[in-house]
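Pasted below: work-v3.cif, mmCIF, C-alpha atoms.
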data_data
loop_
_atom_site.label_atom_id
_atom_site.label_comp_id
_atom_site.auth_asym_id
_atom_site.auth_seq_id
_atom_site.Cartn_x
_atom_site.Cartn_y
_atom_site.Cartn_z
CA MET A 221 10.41 8.44 25.57
CA THR A 222 7.91 9.96 23.17
CA ALA A 223 6.67 6.55 22.03
CA VAL A 224 6.21 5.39 25.61
CA ALA A 225 4.37 8.59 26.57
CA ALA A 226 1.98 8.14 23.65
CA LEU A 227 0.78 4.78 24.94
CA PRO A 228 -2.46 4.72 26.96
CA PRO A 229 -2.00 4.05 30.66
CA ALA A 230 -2.07 0.38 31.55
CA GLY A 231 -3.80 -1.46 34.38
CA PRO A 232 -6.69 -0.40 36.58
CA SER A 233 -6.06 3.33 36.10
CA HIS A 234 -7.28 3.02 32.50
CA ARG A 235 -10.64 1.40 33.37
CA PRO A 236 -12.51 4.57 34.42
CA ALA A 237 -11.91 6.04 30.95
CA LYS A 238 -13.73 3.08 29.41
CA LYS A 239 -16.58 3.39 31.87
CA SER A 240 -17.00 7.08 31.05
CA THR A 241 -17.66 6.37 27.37
CA LEU A 242 -21.20 6.93 26.14
CA PRO A 243 -22.16 4.34 23.50
CA ALA A 244 -24.16 5.44 20.50
CA TRP A 245 -26.59 2.53 20.49
CA PRO A 246 -29.36 4.07 22.67
CA VAL A 247 -29.85 6.97 20.25
CA ALA A 248 -29.00 5.06 17.07
CA GLY A 249 -31.18 2.17 18.17
CA ILE A 250 -34.24 4.37 18.55
CA LEU A 251 -33.85 5.96 15.13
CA LEU A 252 -32.44 3.15 13.03
CA LEU A 253 -34.86 0.52 14.34
CA TYR A 254 -37.97 2.66 14.74
CA PRO A 255 -39.94 0.73 12.08
CA LEU A 256 -39.26 -2.41 14.11
CA TRP A 257 -40.40 -0.76 17.37
CA TRP A 258 -43.55 0.38 15.57
CA ALA A 259 -44.27 -3.12 14.26
CA LEU A 260 -43.69 -4.65 17.69
CA GLY A 261 -46.20 -2.25 19.24
CA LEU A 262 -43.61 -0.26 21.15
CA GLY A 263 -43.62 2.86 18.99
CA VAL A 264 -43.28 5.93 21.21
CA LEU A 265 -42.86 3.66 24.24
CA ILE A 266 -39.30 3.06 23.08
CA PHE A 267 -38.34 6.52 24.36
CA PRO A 268 -38.93 5.86 28.08
CA LEU A 269 -37.51 2.36 27.65
CA MET A 270 -34.28 3.68 26.15
CA ALA A 271 -34.17 6.56 28.65
CA VAL A 272 -33.38 4.04 31.41
CA PRO A 273 -30.01 2.86 30.00
CA MET A 274 -29.22 6.40 28.83
CA LEU A 275 -29.73 7.76 32.34
CA PHE A 276 -27.65 4.93 33.82
CA LEU A 277 -24.82 5.61 31.37
CA LEU A 278 -24.90 9.34 32.10
CA VAL A 279 -24.73 8.70 35.85
CA ARG A 280 -21.89 6.22 35.37
CA ARG A 281 -19.97 8.72 33.27
CA ARG A 282 -20.41 11.37 35.95
CA ALA A 283 -19.27 8.93 38.63
CA ALA A 284 -16.16 8.19 36.57
CA GLY A 285 -15.14 11.83 36.86
CA ARG A 286 -16.29 13.08 33.44
CA PRO A 287 -18.40 16.27 33.68
CA LEU A 288 -21.82 16.29 32.07
CA ARG A 289 -22.84 19.28 29.99
CA LEU A 290 -26.32 20.76 30.03
CA PRO A 291 -27.58 22.49 26.90
CA PRO A 292 -27.49 26.29 26.77
CA GLY A 293 -30.74 27.70 28.11
CA PHE A 294 -31.51 24.55 30.10
CA ALA A 295 -32.80 26.70 32.98
CA TRP A 296 -35.80 27.54 30.79
CA TRP A 297 -36.51 23.84 30.24
CA ALA A 298 -36.15 23.19 33.98
CA VAL A 299 -38.79 25.88 34.60
CA PHE A 300 -41.12 24.07 32.22
CA LEU A 301 -40.57 20.68 33.88
CA ILE A 302 -41.10 22.11 37.36
CA ALA A 303 -44.26 23.91 36.22
CA ALA A 304 -45.58 20.69 34.67
CA VAL A 305 -45.14 18.88 38.00
CA VAL A 306 -46.56 21.72 40.12
CA SER A 307 -49.61 22.01 37.88
CA ILE A 308 -50.70 18.53 39.02
CA ALA A 309 -52.05 20.33 42.11
CA ALA A 310 -54.91 21.62 39.92
CA LEU A 311 -55.74 18.23 38.43
CA GLY A 312 -58.96 17.96 40.43
CA ALA A 313 -60.38 21.24 39.13
CA ASP A 314 -63.33 21.09 36.70
CA PRO A 315 -63.35 24.22 34.52
CA ALA A 316 -66.72 25.42 33.25
CA GLY A 317 -68.04 23.45 30.30
CA THR A 318 -65.87 20.37 30.88
CA VAL A 319 -66.67 16.85 31.99
CA VAL A 320 -66.55 16.39 35.77
CA GLU A 321 -64.03 13.73 36.68
CA ARG A 322 -61.94 12.64 39.63
CA ALA A 323 -58.31 13.73 39.70
CA SER A 324 -57.25 10.10 40.09
CA ASN A 325 -58.89 9.27 36.76
CA ARG A 326 -56.91 12.03 35.05
CA LEU A 327 -53.62 11.06 36.66
CA PRO A 328 -52.60 8.20 34.31
CA ALA A 329 -52.60 10.49 31.25
CA VAL A 330 -50.62 13.11 33.16
CA VAL A 331 -48.07 10.55 34.37
CA TYR A 332 -47.70 9.33 30.79
CA LYS A 333 -46.98 12.84 29.51
CA LEU A 334 -44.59 13.67 32.33
CA SER A 335 -42.69 10.43 31.76
CA MET A 336 -42.35 11.32 28.09
CA TYR A 337 -41.12 14.83 28.87
CA ALA A 338 -38.60 13.35 31.31
CA SER A 339 -37.49 10.72 28.78
CA LEU A 340 -36.93 13.30 26.07
CA THR A 341 -34.98 15.44 28.53
CA VAL A 342 -32.65 12.49 29.06
CA LEU A 343 -32.42 12.06 25.27
CA LEU A 344 -31.47 15.74 24.87
CA VAL A 345 -28.72 15.58 27.49
CA TYR A 346 -27.43 12.21 26.26
CA ALA A 347 -27.30 13.19 22.58
CA GLY A 348 -25.64 16.48 23.47
CA ASN A 349 -22.93 14.81 25.54
CA LEU A 350 -21.96 12.30 22.87
CA THR A 351 -18.58 13.04 21.35
CA GLU A 352 -17.69 12.89 17.67
CA ALA A 353 -15.91 9.58 18.31
CA GLU A 354 -18.99 8.11 20.01
CA LEU A 355 -21.67 9.35 17.60
CA SER A 356 -20.58 11.91 15.04
CA ARG A 357 -22.86 14.74 14.02
CA ARG A 358 -22.67 13.46 10.47
CA ARG A 359 -23.98 10.04 11.47
CA LEU A 360 -26.77 11.55 13.57
CA VAL A 361 -27.79 13.67 10.58
CA ARG A 362 -27.89 10.52 8.42
CA LEU A 363 -30.05 8.78 11.01
CA LEU A 364 -32.51 11.68 11.01
CA ALA A 365 -32.46 11.70 7.20
CA GLY A 366 -33.33 8.01 7.34
CA MET A 367 -36.31 8.91 9.50
CA PHE A 368 -37.55 11.20 6.74
CA VAL A 369 -37.25 8.35 4.24
CA VAL A 370 -39.24 6.14 6.64
CA THR A 371 -41.86 8.90 6.88
CA VAL A 372 -42.19 9.07 3.10
CA LEU A 373 -42.43 5.28 2.79
CA GLY A 374 -45.06 5.24 5.55
CA GLY A 375 -46.96 7.93 3.67
CA LEU A 376 -46.91 5.94 0.44
CA LEU A 377 -48.06 2.84 2.35
CA GLY A 378 -50.95 4.82 3.79
CA MET A 379 -51.96 5.93 0.30
CA VAL A 380 -51.93 2.54 -1.42
CA ALA A 381 -53.03 0.41 1.55
CA GLY A 382 -55.04 2.72 3.76
CA ASN A 383 -56.74 -0.14 5.59
CA PHE A 384 -53.50 -1.92 6.41
CA GLU A 385 -53.22 -2.69 10.12
CA PHE A 386 -52.28 -5.59 12.35
CA THR A 387 -52.16 -6.68 15.96
CA SER A 388 -48.70 -6.13 17.39
CA PRO A 389 -46.95 -8.53 19.79
CA VAL A 390 -47.22 -6.01 22.63
CA GLU A 391 -50.92 -5.61 21.90
CA TRP A 392 -51.42 -9.38 22.06
CA MET A 393 -49.88 -9.48 25.52
CA LEU A 394 -52.21 -6.86 26.99
CA PRO A 395 -55.53 -7.83 28.64
CA SER A 396 -58.48 -7.23 26.32
CA GLY A 397 -59.92 -4.61 28.66
CA VAL A 398 -56.71 -2.60 28.38
CA ARG A 399 -55.83 -3.01 24.71
CA ASN A 400 -59.35 -2.02 23.61
CA LYS A 401 -59.04 1.41 25.21
CA GLY A 402 -58.73 4.03 22.50
CA PHE A 403 -55.63 5.67 23.94
CA VAL A 404 -53.80 2.38 24.54
CA ARG A 405 -54.75 1.16 21.09
CA SER A 406 -53.25 4.30 19.54
CA LEU A 407 -49.95 3.45 21.22
CA VAL A 408 -49.61 -0.27 20.46
CA HIS A 409 -51.72 -0.94 17.35
CA PRO A 410 -49.84 -0.33 14.07
CA TYR A 411 -51.86 1.02 11.14
CA ALA A 412 -50.97 2.74 7.90
CA ALA A 413 -53.49 5.58 7.74
CA GLN A 414 -56.38 7.33 9.40
CA ILE A 415 -59.59 7.05 7.39
CA MET A 416 -61.43 10.39 7.36
CA ASP A 417 -64.11 12.22 5.41
CA LEU A 418 -62.69 15.67 4.70
CA VAL A 419 -63.28 16.29 1.01
CA GLY A 420 -66.28 14.10 0.30
CA GLY A 421 -66.11 10.39 1.02
CA GLU A 422 -63.80 8.58 3.39
CA LYS A 423 -60.17 8.61 2.28
CA PRO A 424 -56.96 7.34 3.87
CA ARG A 425 -54.62 9.97 5.30
CA PRO A 426 -51.02 8.75 5.83
CA ALA A 427 -50.08 8.09 9.46
CA ALA A 428 -47.45 5.29 9.53
CA PRO A 429 -45.28 4.94 11.47
CA TRP A 430 -46.23 7.93 13.64
CA GLY A 431 -49.72 6.95 14.75
CA TYR A 432 -51.63 10.04 13.62
CA THR A 433 -51.82 11.99 10.36
CA ASN A 434 -51.09 15.26 12.14
CA THR A 435 -48.00 13.74 13.76
CA TRP A 436 -46.95 12.38 10.38
CA GLY A 437 -47.20 15.87 8.89
CA ASN A 438 -45.37 17.46 11.80
CA ASN A 439 -42.49 14.99 11.55
CA PHE A 440 -42.37 15.45 7.78
CA CYS A 441 -41.54 19.15 8.27
CA LEU A 442 -39.08 18.52 11.10
CA LEU A 443 -37.11 15.85 9.20
CA ALA A 444 -37.07 17.02 5.57
CA GLY A 445 -34.13 19.35 6.09
CA TRP A 446 -31.92 16.56 7.41
CA LEU A 447 -32.25 14.62 4.17
CA VAL A 448 -31.03 17.68 2.28
CA VAL A 449 -28.07 18.09 4.67
CA ALA A 450 -27.15 14.40 4.43
CA ALA A 451 -27.28 14.51 0.63
CA TRP A 452 -25.28 17.76 0.59
CA ALA A 453 -22.51 16.15 2.66
CA SER A 454 -22.41 12.93 0.63
CA ARG A 455 -19.71 12.49 -1.98
CA SER A 456 -21.79 9.93 -3.84
CA ALA A 457 -23.69 11.20 -6.86
CA GLY A 458 -25.97 8.18 -6.57
CA LYS A 459 -26.98 9.07 -3.02
CA LYS A 460 -27.62 12.67 -4.04
CA LEU A 461 -29.88 11.45 -6.84
CA LEU A 462 -31.77 9.12 -4.49
CA ALA A 463 -32.31 12.01 -2.09
CA VAL A 464 -33.73 14.16 -4.90
CA LEU A 465 -36.03 11.33 -5.99
CA CYS A 466 -37.18 10.85 -2.40
CA LEU A 467 -38.01 14.56 -2.08
CA VAL A 468 -39.92 14.50 -5.36
CA ALA A 469 -41.82 11.36 -4.33
CA SER A 470 -42.61 12.87 -0.94
CA VAL A 471 -44.82 15.50 -2.59
CA VAL A 472 -47.45 12.85 -3.37
CA PRO A 473 -48.19 11.65 0.20
CA ALA A 474 -47.72 15.21 1.49
CA VAL A 475 -50.58 16.35 -0.73
CA ALA A 476 -52.65 13.20 -0.20
CA SER A 477 -52.46 13.72 3.56
CA LEU A 478 -54.79 16.74 3.14
CA ASN A 479 -52.70 18.26 5.90
CA ARG A 480 -52.81 22.04 5.67
CA GLY A 481 -50.50 22.37 8.66
CA LEU A 482 -47.88 20.37 6.78
CA TRP A 483 -48.15 22.62 3.76
CA ILE A 484 -47.80 25.74 5.88
CA GLY A 485 -44.88 24.22 7.78
CA LEU A 486 -42.96 23.44 4.61
CA GLY A 487 -43.57 26.99 3.41
CA VAL A 488 -42.18 28.32 6.69
CA VAL A 489 -39.05 26.14 6.36
CA ILE A 490 -38.39 27.21 2.77
CA LEU A 491 -38.94 30.92 3.44
CA TYR A 492 -36.81 30.84 6.60
CA VAL A 493 -33.85 29.11 4.95
CA ALA A 494 -34.13 31.29 1.85
CA ALA A 495 -34.21 34.46 3.97
CA ARG A 496 -31.08 33.43 5.88
CA TYR A 497 -29.19 32.68 2.68
CA VAL A 498 -30.29 35.97 1.10
CA LEU A 499 -29.16 37.89 4.20
CA ALA A 500 -25.81 36.12 3.84
CA GLY A 501 -25.52 37.54 0.31
CA ARG A 502 -26.60 34.50 -1.69
CA ILE A 503 -29.20 36.22 -3.85
CA TRP A 504 -29.34 33.27 -6.25
CA VAL A 505 -31.49 31.45 -3.69
CA ILE A 506 -34.43 33.67 -4.67
CA GLY A 507 -34.23 32.33 -8.22
CA ALA A 508 -33.96 28.75 -6.97
CA VAL A 509 -37.07 29.14 -4.78
CA LEU A 510 -39.03 30.71 -7.64
CA ALA A 511 -37.96 27.93 -10.00
CA ALA A 512 -39.00 25.25 -7.49
CA ALA A 513 -42.33 27.01 -6.92
CA GLY A 514 -42.91 27.11 -10.67
CA ALA A 515 -42.14 23.42 -11.07
CA LEU A 516 -44.49 22.57 -8.21
CA SER A 517 -47.25 24.70 -9.73
CA ILE A 518 -46.90 22.92 -13.05
CA ALA A 519 -47.04 19.56 -11.28
CA MET A 520 -50.22 20.62 -9.47
CA ILE A 521 -51.86 21.66 -12.75
CA ALA A 522 -50.70 18.64 -14.75
CA THR A 523 -51.66 16.01 -12.14
CA PRO A 524 -54.65 15.27 -9.90
CA LEU A 525 -52.68 16.66 -6.96
CA GLY A 526 -53.85 20.19 -7.70
CA GLY A 527 -57.48 19.13 -7.45
CA THR A 528 -56.79 17.44 -4.14
CA VAL A 529 -55.24 20.60 -2.71
CA GLN A 530 -58.12 22.77 -3.94
CA ALA A 531 -60.71 20.37 -2.54
CA ARG A 532 -59.03 20.50 0.88
CA LEU A 533 -58.88 24.29 0.84
CA ASP A 534 -62.57 24.41 -0.06
CA ASN A 535 -63.53 22.07 2.80
CA GLY A 536 -62.40 23.43 6.15
CA LYS A 537 -64.46 21.05 8.27
CA SER A 538 -62.05 21.25 11.20
CA ASN A 539 -61.99 25.03 11.35
CA GLY A 540 -65.05 25.31 13.56
CA VAL A 541 -63.83 22.69 16.00
CA ARG A 542 -60.40 24.31 16.24
CA SER A 543 -61.88 27.74 16.90
CA PHE A 544 -64.18 26.26 19.55
CA LEU A 545 -61.27 24.52 21.31
CA ILE A 546 -59.01 27.59 21.15
CA GLU A 547 -61.74 29.63 22.78
CA LYS A 548 -62.17 26.99 25.50
CA ALA A 549 -58.40 26.85 26.09
CA MET A 550 -58.13 30.62 26.45
CA ASP A 551 -61.15 30.72 28.78
CA GLY A 552 -59.48 28.08 30.95
CA PHE A 553 -56.17 29.95 30.85
CA ALA A 554 -57.90 33.11 32.05
CA GLU A 555 -59.33 31.18 35.03
CA SER A 556 -55.98 29.57 36.00
CA PRO A 557 -53.23 31.63 34.34
CA VAL A 558 -50.25 30.72 36.51
CA ILE A 559 -50.17 26.90 36.72
CA GLY A 560 -53.04 25.81 34.49
CA TYR A 561 -54.98 22.63 35.21
CA GLY A 562 -52.26 19.98 35.11
CA GLY A 563 -53.65 18.35 31.99
CA THR A 564 -56.30 18.53 29.30
CA ARG A 565 -60.06 18.31 29.83
CA ASN A 566 -62.95 16.95 27.78
CA THR A 567 -65.72 19.31 26.78
CA LEU A 568 -69.33 18.68 27.68
CA GLY A 569 -70.68 17.37 24.38
CA GLY A 570 -69.79 19.02 21.10
CA ARG A 571 -69.53 22.65 20.08
CA ASN A 572 -73.20 22.84 19.14
CA SER A 573 -74.80 20.87 21.95
CA ILE A 574 -73.91 19.47 25.38
CA THR A 575 -76.23 16.51 24.83
CA VAL A 576 -73.84 14.67 22.53
CA GLY A 577 -71.14 12.92 24.50
CA GLU A 578 -69.03 9.82 24.67
CA SER A 579 -70.43 6.39 25.49
CA ALA A 580 -69.14 2.88 26.01
CA GLY A 581 -69.64 2.22 22.32
CA CYS A 582 -68.01 5.45 21.18
CA GLU A 583 -65.27 6.76 23.44
CA ARG A 584 -64.63 9.92 21.45
CA CYS A 585 -68.10 10.88 20.29
CA GLY A 586 -68.97 14.50 20.98
CA ASN A 587 -66.40 15.21 23.65
CA PHE A 588 -63.49 17.28 22.34
CA THR A 589 -60.17 17.56 24.15
CA VAL A 590 -59.33 21.09 25.27
CA GLY A 591 -55.62 21.47 24.60
CA GLY A 592 -55.61 18.64 22.07
CA ASN A 593 -55.50 20.89 19.00
CA GLY A 594 -52.03 22.40 19.34
CA GLN A 595 -49.02 22.42 21.66
CA LEU A 596 -49.42 26.12 22.45
CA TRP A 597 -53.01 25.72 23.62
CA GLN A 598 -52.10 22.64 25.64
CA LEU A 599 -49.24 24.46 27.34
CA LEU A 600 -51.41 27.43 28.27
CA TYR A 601 -54.29 25.28 29.46
CA ALA A 602 -52.38 22.53 31.24
CA HIS A 603 -49.34 24.36 32.62
CA GLY A 604 -50.27 28.04 32.59
CA ALA A 605 -48.06 30.99 31.77
CA THR A 606 -45.14 29.59 33.77
CA GLY A 607 -44.91 26.31 31.90
CA THR A 608 -45.54 27.99 28.56
CA ALA A 609 -42.78 30.54 29.16
CA GLY A 610 -40.34 27.77 30.11
CA TYR A 611 -41.14 25.62 27.07
CA LEU A 612 -41.12 28.45 24.52
CA GLY A 613 -38.22 30.18 26.22
CA PHE A 614 -35.98 27.15 25.85
CA PHE A 615 -36.41 26.74 22.11
CA ALA A 616 -36.44 30.50 21.49
CA TYR A 617 -33.19 30.82 23.43
CA GLY A 618 -31.69 28.08 21.26
CA LEU A 619 -32.65 29.93 18.10
CA TRP A 620 -31.03 33.10 19.42
CA ARG A 621 -27.92 31.40 20.83
CA PHE A 622 -27.15 29.54 17.60
CA ARG A 623 -28.34 32.28 15.23
CA ARG A 624 -24.87 32.78 13.68
CA ASP A 625 -24.51 29.14 12.66
CA ARG A 626 -24.82 29.18 8.87
CA SER A 627 -23.52 25.64 8.37
CA PRO A 628 -25.88 23.06 6.83
CA ILE A 629 -26.52 21.64 10.31
CA GLY A 630 -27.15 25.14 11.66
CA MET A 631 -29.63 25.88 8.88
CA ALA A 632 -31.53 22.59 9.16
CA GLY A 633 -31.56 22.59 12.97
CA SER A 634 -32.80 26.15 13.32
CA ALA A 635 -35.34 25.61 10.52
CA ALA A 636 -36.72 22.62 12.44
CA LEU A 637 -37.18 24.77 15.54
CA VAL A 638 -38.74 27.61 13.54
CA THR A 639 -41.28 25.33 11.88
CA SER A 640 -42.11 23.83 15.29
CA PHE A 641 -43.21 27.29 16.44
CA SER A 642 -45.72 27.50 13.60
CA ALA A 643 -46.79 23.88 14.09
CA MET A 644 -47.65 24.39 17.76
CA LEU A 645 -50.71 26.36 16.66
CA TRP A 646 -52.36 23.17 15.37
CA TYR A 647 -50.13 20.19 16.31
CA ASN A 648 -49.27 18.65 19.67
CA SER A 649 -45.58 17.84 20.08
CA LEU A 650 -45.57 14.69 22.18
CA VAL A 651 -43.94 12.37 21.49
CA THR A 652 -41.92 11.99 18.29
CA PRO A 653 -42.08 15.63 17.09
CA LEU A 654 -40.60 16.80 20.40
CA ALA A 655 -37.97 14.05 20.16
CA PHE A 656 -36.87 15.39 16.77
CA MET A 657 -36.91 18.93 18.16
CA VAL A 658 -34.55 18.06 21.02
CA LEU A 659 -32.28 16.14 18.64
CA ALA A 660 -32.15 19.22 16.40
CA TYR A 661 -31.27 21.26 19.50
CA ALA A 662 -28.56 18.75 20.43
CA LEU A 663 -27.04 19.01 16.95
CA LEU A 664 -27.04 22.81 17.10
CA TRP A 665 -25.46 22.64 20.55
CA ARG A 666 -22.75 20.18 19.49
CA ASN A 667 -22.08 22.16 16.31
CA TRP A 668 -21.53 25.25 18.47
CA ILE A 669 -19.15 23.34 20.77
CA GLU A 670 -17.10 21.99 17.86
CA GLY A 671 -17.02 25.45 16.29
CA ASN A 672 -15.65 26.96 19.48
CA LYS A 673 -12.89 24.34 19.55
CA THR A 674 -11.55 25.61 16.26
#

Give the structure from the file, written as structure tokens.
Amino acid sequence: MTAVAALPPAGPSHRPAKKSTLPAWPVAGILLLYPLWWALGLGVLIFPLMAVPMLFLLVRRRAAGRPLRLPPGFAWWAVFLIAAVVSIAALGADPAGTVVERASNRLPAVVYKLSMYASLTVLLVYAGNLTEAELSRRRLVRLLAGMFVVTVLGGLLGMVAGNFEFTSPVEWMLPSGVRNKGFVRSLVHPYAAQIMDLVGGEKPRPAAPWGYTNTWGNNFCLLAGWLVVAAWASRSAGKKLLAVLCLVASVVPAVASLNRGLWIGLGVVILYVAARYVLAGRIWVIGAVLAAAGALSIAMIATPLGGTVQARLDNGKSNGVRSFLIEKAMDGFAESPVIGYGGTRNTLGGRNSITVGESAGCERCGNFTVGGNGQLWQLLYAHGATGTAGYLGFFAYGLWRFRRDRSPIGMAGSAALVTSFSAMLWYNSLVTPLAFMVLAYALLWRNWIEGNKT
């Protein structure tokens, strides 16, 4: 009788169980094949594309009688999404000092952002509802660790072949009038680096495969911890050694990126993790951090990397622009504090004169984007206090809810969220940084569920 009872039910009654299974391929396919999506010209567009089958599979699972879980604190995220939609009502407003434009002309950019927010919401719910049998936490950690390796390789490519770029298949298929638009080109045209003059002379700053140097730096901070966790969990000494070598090699493109936000973000991650370990009684971590800092200092002195860092610190060319845009964002927030303006706006000319603006030959000359210099400023300006409270409240709630998780996943996941709070002062989160934030949240959530089971 026991053997018979252990057998799965036969016939039609067993089919709903199969239909309720969530396959891993939508999430694994995004992460494992991201270099391919980038080369094809899909890049961040893969998120809304994959959101379609993920949503279908979630609905099918619910229809099969399996309940769907929502992440803790999801009400905060719902407030943000609702506020983002409601703020469209102010899309036709023209705040003082911004370019006058029809609401219909601003709508495509807003629809794009809303579709990305919706797609990443689906990713969050889907990844959080996957079981250990469908996609284990360990495998998801390895996939995120692989993304860090891809980031490092993209950074090295940007250093040695800064002018590397090519026309993607998706780009070829677009009409010339569409693919030549600056925004569209940034989505579908793969390139290794952004060429900028920050420390005297134009130099490549790593961007592949994330499109922008700032996004590259943001993702670097969000993903580094997962490589450490994956190596920690591995039983292979060879894999541990490769992880160490990757971390050492990553210092070179991290410095060459001239990305001060990246450097601050890494400092935040290290200090946060060290503080949590010290509070848990592991005082030895202080010595480990000091030893690592000493080794890094020696490397800076003994190699040209130190000169690169000093040159960047001595040349804060972007400081004035950032201050100007923060002031504009706060002025706009004061004028529409509840729902914001539905999206960003372009300033009239530059910070020194309104006579310098964009033209057909130079789409981005002079006009700066208010809300384009950090997720916090964009939230305040585009979605007001309501949207900002929902967005920040969700991730802050996650940090509080999972604060007792001292496992490697708990440390890396919460560190990713903490560094995202510092990054929002100078980085925008859409699309890939926010994707890695929600995946970190999903891992913390699933870790909490599995912990409660035991």

Could you write out as JSON the box around range 605-621 of chain A (axis-aligned, all atoms listed in the file, 3 Å on each side), with centre and edge lengths in Å to one decimal?
{"center_x": -38.0, "center_y": 29.4, "center_z": 25.9, "size_x": 26.1, "size_y": 13.5, "size_z": 21.7}

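For the atom pair formed by CA of Arg289 in chain A and CA of Ala347 in chain A, the distance is 10.6 Å, given to one decimal.
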
Handout entry: d(CA of Thr606 in chain A, CA of Asn587 in chain A) in Å
Key = 27.6 Å

Exercise for the section: Apply the PyMOL selection byres ((chain A and resi 322) around 12) to the structure shown and report the selected residues as a ChimeraX atom specification. Expected result: /A:310-314,319-321,323-328,565

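Residues matching the PyMOL selection byres ((chain A and resi 247) around 9) in this structure come to A:Pro243, A:Ala244, A:Trp245, A:Pro246, A:Ala248, A:Gly249, A:Ile250, A:Leu251, A:Leu252, A:Met270, A:Met274, A:Leu343, A:Tyr346, A:Ala347, A:Leu355, A:Leu360.
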
Check what the PyMOL selection byres ((chain A and resi 614) around 6) selects in the file above and give those residues as a PDB file with C-alpha atoms, in the frame of the given file.
ATOM      1  CA  GLY A 293     -30.740  27.700  28.110  1.00  0.00           C
ATOM      2  CA  TRP A 296     -35.800  27.540  30.790  1.00  0.00           C
ATOM      3  CA  TRP A 297     -36.510  23.840  30.240  1.00  0.00           C
ATOM      4  CA  TYR A 611     -41.140  25.620  27.070  1.00  0.00           C
ATOM      5  CA  LEU A 612     -41.120  28.450  24.520  1.00  0.00           C
ATOM      6  CA  GLY A 613     -38.220  30.180  26.220  1.00  0.00           C
ATOM      7  CA  PHE A 615     -36.410  26.740  22.110  1.00  0.00           C
ATOM      8  CA  ALA A 616     -36.440  30.500  21.490  1.00  0.00           C
ATOM      9  CA  TYR A 617     -33.190  30.820  23.430  1.00  0.00           C
TER      10      TYR A 617
END

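Residues in contact with Gln530 in chain A at up to 10 Å, not including ones fewer than 3 positions away on its chain and judged by all atoms listed in the file, are Val419, Leu478, Met520, Leu525, Gly526, Gly527, Leu533, Asp534 and Asn535 of chain A.
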
Exercise for the section: Might you pull out every residue within 8 Å of Ala635 in chain A, with only C-alpha atoms counted and same-chain residues fewer than 3 positions away left off, and present them as a list in words? Expected result: Gly445, Val489, Tyr492, Val493, Met631, Ala632, Val638 and Thr639 of chain A

Exercise for the section: Using only C-alpha atoms, determine which residues lie at most 9 Å from range 653-667 of chain A, disregarding the query and same-chain residues fewer than 6 positions distant; provide the list as a ChimeraX atom specification. Expected result: /A:267,291-292,337,340-341,343-351,357,360-361,364,435-436,438-439,442-443,615,618-619,622,625,627,629-630,632-634,636-637,640

Practice task
Rounded to one decimal place, report the CA of Ala453 in chain A-CA of Arg362 in chain A distance in Å.
Solution key: 9.7 Å

Fill in the blank from the handout: Residue with the minimum atom-to-atom distance to Ala427 in chain A, picked from A:Phe440, A:Phe641, A:Trp446, A:Phe300 with only C-alpha atoms counted, is A:Phe440

Exercise for the section: Return the single residue from A:Leu363, A:Ala605, A:Ile546, A:Ile518 that is closest to Thr589 in chain A, with distances computed using all atoms listed in the file. Expected result: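 Closest candidate: A:Ile546.
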
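You can rank A:Val472, A:Ser240, A:Ala643, A:Pro424 by their closest distance to Glu354 in chain A using only C-alpha atoms, and at the top of that list sits A:Ser240.
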
Practice task
Have a look at A:Val408, A:Glu385, A:Leu377, A:Lys459 and name the one nearest to Ser477 in chain A; count only C-alpha atoms.
Solution key: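 Of all the options, A:Leu377 lies closest to Ser477 in chain A.
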
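Restricting the calculation to all atoms listed in the file, the smallest distance between Thr387 in chain A and any of A:Leu486, A:Val505, A:Val331, A:Leu407 is found for A:Leu407.
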
Exercise for the section: Rank A:Tyr601, A:Trp483, A:Tyr254, A:Trp430 by their smallest atom-to-atom distance to Lys548 in chain A, using only C-alpha atoms, and report the top residue only. Expected result: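 When distances to Lys548 in chain A are compared using only C-alpha atoms, the smallest one comes from A:Tyr601.
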
Exercise for the section: Anything within 7 Å of (-64.1, 16.0, 0.2): list those residues as a list in words, counting all atoms listed in the file and sticking to the file's coordinates. Expected result: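 Result, sorted by chain then residue number: Asp417, Leu418, Val419, Gly420, Gly421, Ala531, Arg532 and Asn535 of chain A.
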